Amino acid sequence: MTTDTSNRDRVFIFDTTLRDGEQSPGATMTLEEKLQVAEVLDEMGVDIIEAGFPIASVGDFEAVVAVAKQVKKATVAGLARAIPADIDRAGEAVRHAQRGRIHTFVSTSPIHLAHQMKKTEDEVIEIITKTVGQARNLIDDVEWSAMDATRTPMDFLMRCVETAIKAGARTINLPDTVGYTIPEEHFQMFKTMREKVPGAEDVVFSAHCHDDLGMAVANSLAAVAGGARQVECTINGLGERAGNAALEEIVMALQTRGDAMPFFTNVESTHLSRASKIVSAASNFPVQYNKSIVGKNAFAHESGIHQDGMLKNAETYEIMTPASVGIKATTLVMGKHSGRAAFKDKLRELGYELGDNAFQEAFVRFKDLADRKKHIYDADIIALVDDEVGSS
Ligand code: KIV
Ligand code: ZN
């Protein structure tokens with residue numbers, strides 16, 4: 001699909017299916033599966049692929065190296081805690097990429113500082129200076145993340161961000177690690193950062209939202225409105241606990257509502273359905289039927305009113321075309337809510353032209369069957385029409 005992007009700002013898509021997505025309990029992928037996922041992400045135009053956490057295991061390190069060697073267009077990122085050995089290992093892995101990035105993070109919220117890190121604010125500031133500086137000595141492209149940013153007091157968060165910028169970070173990610181924020185608050189956080197932190201104009205701000213309250217995509221879009229120009233997300237919303245913001249939803253929201261949100265991404269949306277299937281198979285996570293954009297029912301209609309509208313003009317009940325996300329066609333599902341128009345259309349598709357009386361009788365028998373049976377297949381309709389024709 002071609003969109004006029006001349007008056008819109010570019011939003012970079014950072015996919016973390018292979019890192020945060022794989023952290024979903026049970027979603028572990030083999031090297032071969034990771035390469036397949038990376039291939040489709042690269043083909044579709046994702047800007048940054050976070051390929052893993054190189055220090056986590058030998059397997060993770062090898063996967064990041066393999067993805068780095070395979071990927072042609074995207075930047076390949078490796079995650080590292082604010083620990084020298086992590087940063088060295090990430091640097092070693094991503095140096096095989098045409099464009100590599102070290103993504104290093106440290107917790108900033110009082111609750112993490114007190115219970116997880118056992119560090120003071122001043123100590124955290126020192127850690128940021130050292131670790132971001134170390135990463136910059138290895139590679140130009142360094143991203144720094146403030147873990148649990150959304151539960152961090154703004155004055156301290158601004159101090160951390162300023163420190164990371166001074167130490168050489170080019171991308172500043174402010175994660176909603178526990179999926180706690182709400183859109184208005186997230187918008188304000190990014191807006192304040194952009195307006196108040198010295199050096200903010202020289203870096204890209206990034207949103208990384210989790211879906212614990214079901215607001216990861218809404219929060220990501222609010223972040224973009226507040227000045228973020230990178231969004232971190234995963235295919236099918238795979239990720240820790242309730243998951244991350246779903247890539248397909250962000251891309252299609254920006255594409256479909258360009259009138260209200262003047263932004264665009266480089267992602268070719270016709271790959272979305274295939275990417276969803278590949279990730280679902282690789283992670284062994286089924287996609288819920290009513291999942292936005294890529295669910296089995298996302299372009300399916302059963303009610304008579306909707307089916308009638310769809311047969312007249314698809315825009316009556318669809319805000320984007322199935323083709324735009326790589327799905328062949330809308331499906332009008334035959335069920336007890338279907339009306340005459342859809343039934344007639346289905347008969348035509350199956351090669352039947354019935355006269356008025358025969359059609360009426362067939363329709364009554366179809367409704368009767370649909371009341372008893374959950375799924376009506378083409379074979380059921382053929383059988384009931386053949387019976388009808390045979391008995392008349
Ligand atoms: O959710 C989070 O805070 C993360 C960081 C490692 C970026 O995944
Ligand atoms: Zn995360």
# chains A, B, ... in the order shown; residues from 1 in each chain; ligands from 1

call {"tool": "select_by_dssp", "arguments": {"residues": "region 165-360 of chain A", "states": "helix (DSSP H, G or I)", "output": "count of residues only"}}
result
89

call {"tool": "residues_around", "arguments": {"residues": "Asp47 (chain A)", "least_positions_apart": "5", "cutoff": "6 Å", "atoms": "only C-alpha atoms", "output": "list in words"}}
result
Phe12, Ile13, Phe14 and Ala74 of chain A

call {"tool": "write_last_selection", "arguments": {"atoms": "C-alpha atoms", "output": "PDB file, in the first residue's frame"}}
result
ATOM      1  CA  PHE A  12      11.309   3.700  13.857  1.00  0.00           C
ATOM      2  CA  ILE A  13      10.099   0.204  14.587  1.00  0.00           C
ATOM      3  CA  PHE A  14      12.282  -1.748  17.006  1.00  0.00           C
ATOM      4  CA  ALA A  74      17.893  -3.719   9.732  1.00  0.00           C
TER       5      ALA A  74
END

call {"tool": "closest_residue", "arguments": {"among": "A:Ser276, A:Gln255, A:Ser220, A:Asn244", "to": "ligand 2", "atoms": "only C-alpha atoms and all ligand atoms"}}
result
A:Asn244

call {"tool": "residues_near_ligand", "arguments": {"ligand": "ligand 2", "cutoff": "8 Å", "atoms": "only C-alpha atoms and all ligand atoms", "output": "list in words"}}
result
Asp20, Pro175, Asp176, Thr177, His208, Cys209, His210, Gly239, Glu240 and Asn244 of chain A

call {"tool": "residues_around", "arguments": {"residues": "region 360-368 of chain A", "least_positions_apart": "2", "cutoff": "8 Å", "atoms": "only C-alpha atoms", "output": "list in words"}}
result
Gly335, Lys336, Arg340, Phe343, Asp356, Asn357, Ala358, Ala370, Asp371, Arg372, Ile381, Leu384, Val385 and Glu388 of chain A

call {"tool": "write_last_selection", "arguments": {"atoms": "N, CA and C atoms", "output": "compact mmCIF listing (two decimals), in the first residue's frame"}}
result
# COMPACT_ATOMS: atom_id res chain seq x y z
N GLY A 335 -23.46 -18.69 9.52
CA GLY A 335 -23.88 -19.12 10.85
C GLY A 335 -25.29 -18.65 11.11
N LYS A 336 -25.76 -18.84 12.34
CA LYS A 336 -27.18 -18.54 12.60
C LYS A 336 -27.50 -17.05 12.51
N ARG A 340 -30.13 -13.39 4.39
CA ARG A 340 -30.39 -13.88 3.02
C ARG A 340 -29.31 -13.46 2.03
N PHE A 343 -26.31 -15.59 2.33
CA PHE A 343 -26.61 -16.97 1.93
C PHE A 343 -26.68 -17.07 0.40
N ASP A 356 -36.96 -18.44 -6.59
CA ASP A 356 -37.40 -17.84 -5.33
C ASP A 356 -37.86 -18.86 -4.29
N ASN A 357 -38.71 -19.80 -4.70
CA ASN A 357 -39.25 -20.75 -3.73
C ASN A 357 -38.18 -21.67 -3.20
N ALA A 358 -37.36 -22.20 -4.13
CA ALA A 358 -36.29 -23.12 -3.71
C ALA A 358 -35.31 -22.40 -2.79
N ALA A 370 -28.14 -24.13 11.25
CA ALA A 370 -27.22 -23.22 11.96
C ALA A 370 -27.58 -23.09 13.44
N ASP A 371 -28.86 -23.29 13.76
CA ASP A 371 -29.26 -23.26 15.16
C ASP A 371 -28.72 -24.47 15.92
N ARG A 372 -28.47 -25.53 15.18
CA ARG A 372 -28.03 -26.77 15.84
C ARG A 372 -26.52 -26.98 15.77
N ILE A 381 -23.75 -26.84 3.28
CA ILE A 381 -24.67 -26.06 2.43
C ILE A 381 -24.95 -26.83 1.15
N LEU A 384 -27.41 -29.55 1.96
CA LEU A 384 -28.82 -29.14 2.16
C LEU A 384 -29.47 -28.65 0.88
N VAL A 385 -28.69 -28.02 -0.01
CA VAL A 385 -29.27 -27.57 -1.28
C VAL A 385 -29.54 -28.78 -2.18
N GLU A 388 -32.58 -30.40 -1.09
CA GLU A 388 -33.71 -29.54 -1.45
C GLU A 388 -34.07 -29.74 -2.92

call {"tool": "closest_atom_pairs", "arguments": {"of": "chain A", "to": "ligand 1", "cutoff": "10 Å", "atoms": "only C-alpha atoms and all ligand atoms", "output": "Markdown table"}}
result
| residue | atom | partner | partner_atom_place_in_ligand_line | distance |
| --- | --- | --- | --- | --- |
| A:Thr16 | CA | ligand 1 | 8 (O) | 8.6 |
| A:Arg19 | CA | ligand 1 | 8 (O) | 8.3 |
| A:Asp20 | CA | ligand 1 | 8 (O) | 5.8 |
| A:Gly21 | CA | ligand 1 | 8 (O) | 9.4 |
| A:Gln23 | CA | ligand 1 | 8 (O) | 9.2 |
| A:Phe53 | CA | ligand 1 | 6 (C) | 9.4 |
| A:Leu79 | CA | ligand 1 | 6 (C) | 7.2 |
| A:Ala80 | CA | ligand 1 | 6 (C) | 8.2 |
| A:Arg81 | CA | ligand 1 | 6 (C) | 7.9 |
| A:His103 | CA | ligand 1 | 7 (C) | 8.0 |
| A:Thr104 | CA | ligand 1 | 6 (C) | 7.7 |
| A:Phe105 | CA | ligand 1 | 6 (C) | 6.0 |
| A:Val106 | CA | ligand 1 | 6 (C) | 8.1 |
| A:Ser107 | CA | ligand 1 | 3 (O) | 8.0 |
| A:Glu143 | CA | ligand 1 | 7 (C) | 9.6 |
| A:Trp144 | CA | ligand 1 | 7 (C) | 8.4 |
| A:Ser145 | CA | ligand 1 | 7 (C) | 5.6 |
| A:Ala146 | CA | ligand 1 | 3 (O) | 7.1 |
| A:Met147 | CA | ligand 1 | 3 (O) | 4.3 |
| A:Asp148 | CA | ligand 1 | 3 (O) | 5.8 |
| A:Ala149 | CA | ligand 1 | 3 (O) | 7.9 |
| A:Thr150 | CA | ligand 1 | 3 (O) | 9.7 |
| A:Asn173 | CA | ligand 1 | 7 (C) | 7.2 |
| A:Leu174 | CA | ligand 1 | 3 (O) | 7.8 |
| A:Pro175 | CA | ligand 1 | 3 (O) | 4.9 |
| A:Asp176 | CA | ligand 1 | 1 (O) | 6.3 |
| A:Thr177 | CA | ligand 1 | 1 (O) | 3.7 |
| A:Val178 | CA | ligand 1 | 1 (O) | 6.9 |
| A:Gly179 | CA | ligand 1 | 1 (O) | 8.5 |
| A:Ala207 | CA | ligand 1 | 7 (C) | 9.4 |
| A:His208 | CA | ligand 1 | 1 (O) | 6.6 |
| A:Cys209 | CA | ligand 1 | 1 (O) | 7.0 |
| A:His210 | CA | ligand 1 | 1 (O) | 6.7 |
| A:Glu232 | CA | ligand 1 | 7 (C) | 8.8 |
| A:Gly239 | CA | ligand 1 | 8 (O) | 8.9 |
| A:Glu240 | CA | ligand 1 | 1 (O) | 8.1 |
| A:Gly243 | CA | ligand 1 | 1 (O) | 9.7 |
| A:Asn244 | CA | ligand 1 | 1 (O) | 8.2 |

call {"tool": "write_last_selection", "arguments": {"atoms": "C-alpha atoms", "output": "PDB file, in the first residue's frame"}}
result
ATOM      1  CA  THR A  16      12.002  -7.347  20.227  1.00  0.00           C
ATOM      2  CA  ARG A  19      14.392 -11.018  23.010  1.00  0.00           C
ATOM      3  CA  ASP A  20      11.446  -9.762  25.117  1.00  0.00           C
ATOM      4  CA  GLY A  21       9.068 -11.961  23.101  1.00  0.00           C
ATOM      5  CA  GLN A  23      11.096 -14.194  27.476  1.00  0.00           C
ATOM      6  CA  PHE A  53      20.560 -11.173  25.279  1.00  0.00           C
ATOM      7  CA  LEU A  79      20.772  -6.493  25.138  1.00  0.00           C
ATOM      8  CA  ALA A  80      23.148  -5.960  28.064  1.00  0.00           C
ATOM      9  CA  ARG A  81      22.640  -5.186  31.740  1.00  0.00           C
ATOM     10  CA  HIS A 103      21.186  -1.823  24.138  1.00  0.00           C
ATOM     11  CA  THR A 104      22.081  -1.418  27.786  1.00  0.00           C
ATOM     12  CA  PHE A 105      19.699  -0.805  30.660  1.00  0.00           C
ATOM     13  CA  VAL A 106      19.578  -0.101  34.365  1.00  0.00           C
ATOM     14  CA  SER A 107      16.680   0.189  36.792  1.00  0.00           C
ATOM     15  CA  GLU A 143      20.679   2.644  23.249  1.00  0.00           C
ATOM     16  CA  TRP A 144      20.141   3.202  26.953  1.00  0.00           C
ATOM     17  CA  SER A 145      16.993   2.142  28.822  1.00  0.00           C
ATOM     18  CA  ALA A 146      15.680   3.244  32.210  1.00  0.00           C
ATOM     19  CA  MET A 147      14.042   0.087  33.464  1.00  0.00           C
ATOM     20  CA  ASP A 148      10.748   0.830  35.252  1.00  0.00           C
ATOM     21  CA  ALA A 149      10.902   4.422  33.979  1.00  0.00           C
ATOM     22  CA  THR A 150       7.178   4.944  34.454  1.00  0.00           C
ATOM     23  CA  ASN A 173      14.258   4.222  25.870  1.00  0.00           C
ATOM     24  CA  LEU A 174      11.786   4.817  28.696  1.00  0.00           C
ATOM     25  CA  PRO A 175      10.099   1.462  29.298  1.00  0.00           C
ATOM     26  CA  ASP A 176       6.795   0.902  30.972  1.00  0.00           C
ATOM     27  CA  THR A 177       8.301  -2.288  32.325  1.00  0.00           C
ATOM     28  CA  VAL A 178       5.306  -3.354  34.384  1.00  0.00           C
ATOM     29  CA  GLY A 179       2.541  -2.048  32.101  1.00  0.00           C
ATOM     30  CA  ALA A 207       8.720   3.754  24.014  1.00  0.00           C
ATOM     31  CA  HIS A 208       8.670   0.164  25.263  1.00  0.00           C
ATOM     32  CA  CYS A 209       5.278  -0.759  26.685  1.00  0.00           C
ATOM     33  CA  HIS A 210       4.010  -3.895  28.370  1.00  0.00           C
ATOM     34  CA  GLU A 232       9.612  -1.209  20.744  1.00  0.00           C
ATOM     35  CA  GLY A 239       6.367 -10.944  25.635  1.00  0.00           C
ATOM     36  CA  GLU A 240       6.833 -11.138  29.395  1.00  0.00           C
ATOM     37  CA  GLY A 243       3.151  -9.296  26.548  1.00  0.00           C
ATOM     38  CA  ASN A 244       4.548  -6.250  24.764  1.00  0.00           C
TER      39      ASN A 244
END

call {"tool": "residues_around", "arguments": {"residues": "Gly168 (chain A)", "least_positions_apart": "5", "cutoff": "8 Å", "atoms": "only C-alpha atoms", "output": "PyMOL selection string"}}
result
chain A and resi 132-133+136+142

call {"tool": "write_last_selection", "arguments": {"atoms": "C-alpha atoms", "output": "compact mmCIF listing (two decimals), in the first residue's frame"}}
result
# COMPACT_ATOMS: atom_id res chain seq x y z
CA VAL A 132 27.12 3.85 28.44
CA GLY A 133 30.68 5.13 28.01
CA ARG A 136 30.28 3.77 23.16
CA VAL A 142 24.16 2.77 21.78

call {"tool": "closest_residue", "arguments": {"among": "A:Asp141, A:Leu221, A:Ala63, A:Thr163", "to": "Gly199 (chain A)", "atoms": "only C-alpha atoms"}}
result
A:Thr163

call {"tool": "residues_around", "arguments": {"residues": "Val197 (chain A)", "least_positions_apart": "6", "cutoff": "9 Å", "atoms": "only C-alpha atoms", "output": "list of chain:residue names"}}
result
A:Met158, A:Arg159, A:Val161, A:Glu162

call {"tool": "residues_around", "arguments": {"residues": "Met117 (chain A)", "least_positions_apart": "2", "cutoff": "12 Å", "atoms": "only C-alpha atoms", "output": "ChimeraX atom specification"}}
result
/A:81-82,106-115,119-121,123-124,127,147

call {"tool": "write_last_selection", "arguments": {"atoms": "C-alpha atoms", "output": "CSV table (one decimal), in the first residue's frame"}}
result
chain,number,residue,atom,x,y,z
A,81,ARG,CA,22.6,-5.2,31.7
A,82,ALA,CA,24.7,-2.3,33.2
A,106,VAL,CA,19.6,-0.1,34.4
A,107,SER,CA,16.7,0.2,36.8
A,108,THR,CA,15.8,3.7,37.9
A,109,SER,CA,12.6,3.4,40.1
A,110,PRO,CA,12.8,3.6,43.9
A,111,ILE,CA,11.3,0.2,44.3
A,112,HIS,CA,13.9,-1.4,42.0
A,113,LEU,CA,16.7,0.6,43.6
A,114,ALA,CA,15.7,-0.4,47.1
A,115,HIS,CA,14.9,-4.1,46.5
A,119,LYS,CA,21.9,1.2,45.1
A,120,THR,CA,21.5,4.9,45.8
A,121,GLU,CA,20.5,7.4,43.1
A,123,GLU,CA,25.4,5.2,42.4
A,124,VAL,CA,23.0,4.7,39.6
A,127,ILE,CA,26.8,3.3,36.7
A,147,MET,CA,14.0,0.1,33.5

call {"tool": "residues_around", "arguments": {"residues": "Ala77 (chain A)", "least_positions_apart": "4", "cutoff": "6 Å", "atoms": "only C-alpha atoms", "output": "number ranges by chain"}}
result
A: 50, 100-102

call {"tool": "write_last_selection", "arguments": {"atoms": "C-alpha atoms", "output": "compact mmCIF listing (two decimals), in the first residue's frame"}}
result
# COMPACT_ATOMS: atom_id res chain seq x y z
CA GLU A 50 16.68 -7.00 18.97
CA GLY A 100 24.99 -3.21 15.18
CA ARG A 101 23.61 -1.67 18.37
CA ILE A 102 24.30 -2.28 22.05

call {"tool": "atom_distance", "arguments": {"atom1": "CA of Ile278 (chain A)", "atom2": "CA of Val251 (chain A)"}}
result
17.8 Å

call {"tool": "select_by_dssp", "arguments": {"residues": "region 180-314 of chain A", "states": "strand (DSSP E or B)", "output": "list in words"}}
result
Val204, Phe205, Ser206, Ala207, His208, Cys209, His210, Gln230, Val231, Glu232, Cys233, Thr234, Asn244, Ala246, Phe263, Phe264, Ala300 and His301 of chain A

call {"tool": "write_last_selection", "arguments": {"atoms": "C-alpha atoms", "output": "PDB file, in the first residue's frame"}}
result
ATOM      1  CA  VAL A 204      15.777   9.497  19.561  1.00  0.00           C
ATOM      2  CA  PHE A 205      13.307   8.797  22.368  1.00  0.00           C
ATOM      3  CA  SER A 206      11.821   5.343  22.442  1.00  0.00           C
ATOM      4  CA  ALA A 207       8.720   3.754  24.014  1.00  0.00           C
ATOM      5  CA  HIS A 208       8.670   0.164  25.263  1.00  0.00           C
ATOM      6  CA  CYS A 209       5.278  -0.759  26.685  1.00  0.00           C
ATOM      7  CA  HIS A 210       4.010  -3.895  28.370  1.00  0.00           C
ATOM      8  CA  GLN A 230      11.030   4.749  18.135  1.00  0.00           C
ATOM      9  CA  VAL A 231       8.537   2.140  19.323  1.00  0.00           C
ATOM     10  CA  GLU A 232       9.612  -1.209  20.744  1.00  0.00           C
ATOM     11  CA  CYS A 233       7.156  -3.983  20.070  1.00  0.00           C
ATOM     12  CA  THR A 234       6.723  -7.641  19.173  1.00  0.00           C
ATOM     13  CA  ASN A 244       4.548  -6.250  24.764  1.00  0.00           C
ATOM     14  CA  ALA A 246       1.886  -5.612  19.257  1.00  0.00           C
ATOM     15  CA  PHE A 263       3.427   9.557  11.389  1.00  0.00           C
ATOM     16  CA  PHE A 264       4.591   6.655   9.271  1.00  0.00           C
ATOM     17  CA  ALA A 300     -14.586 -12.289   9.294  1.00  0.00           C
ATOM     18  CA  HIS A 301     -18.231 -11.279   9.528  1.00  0.00           C
TER      19      HIS A 301
END

call {"tool": "closest_residue", "arguments": {"among": "A:Gln188, A:Tyr180, A:Glu315, A:Ile165", "to": "Glu201 (chain A)", "atoms": "only C-alpha atoms"}}
result
A:Ile165
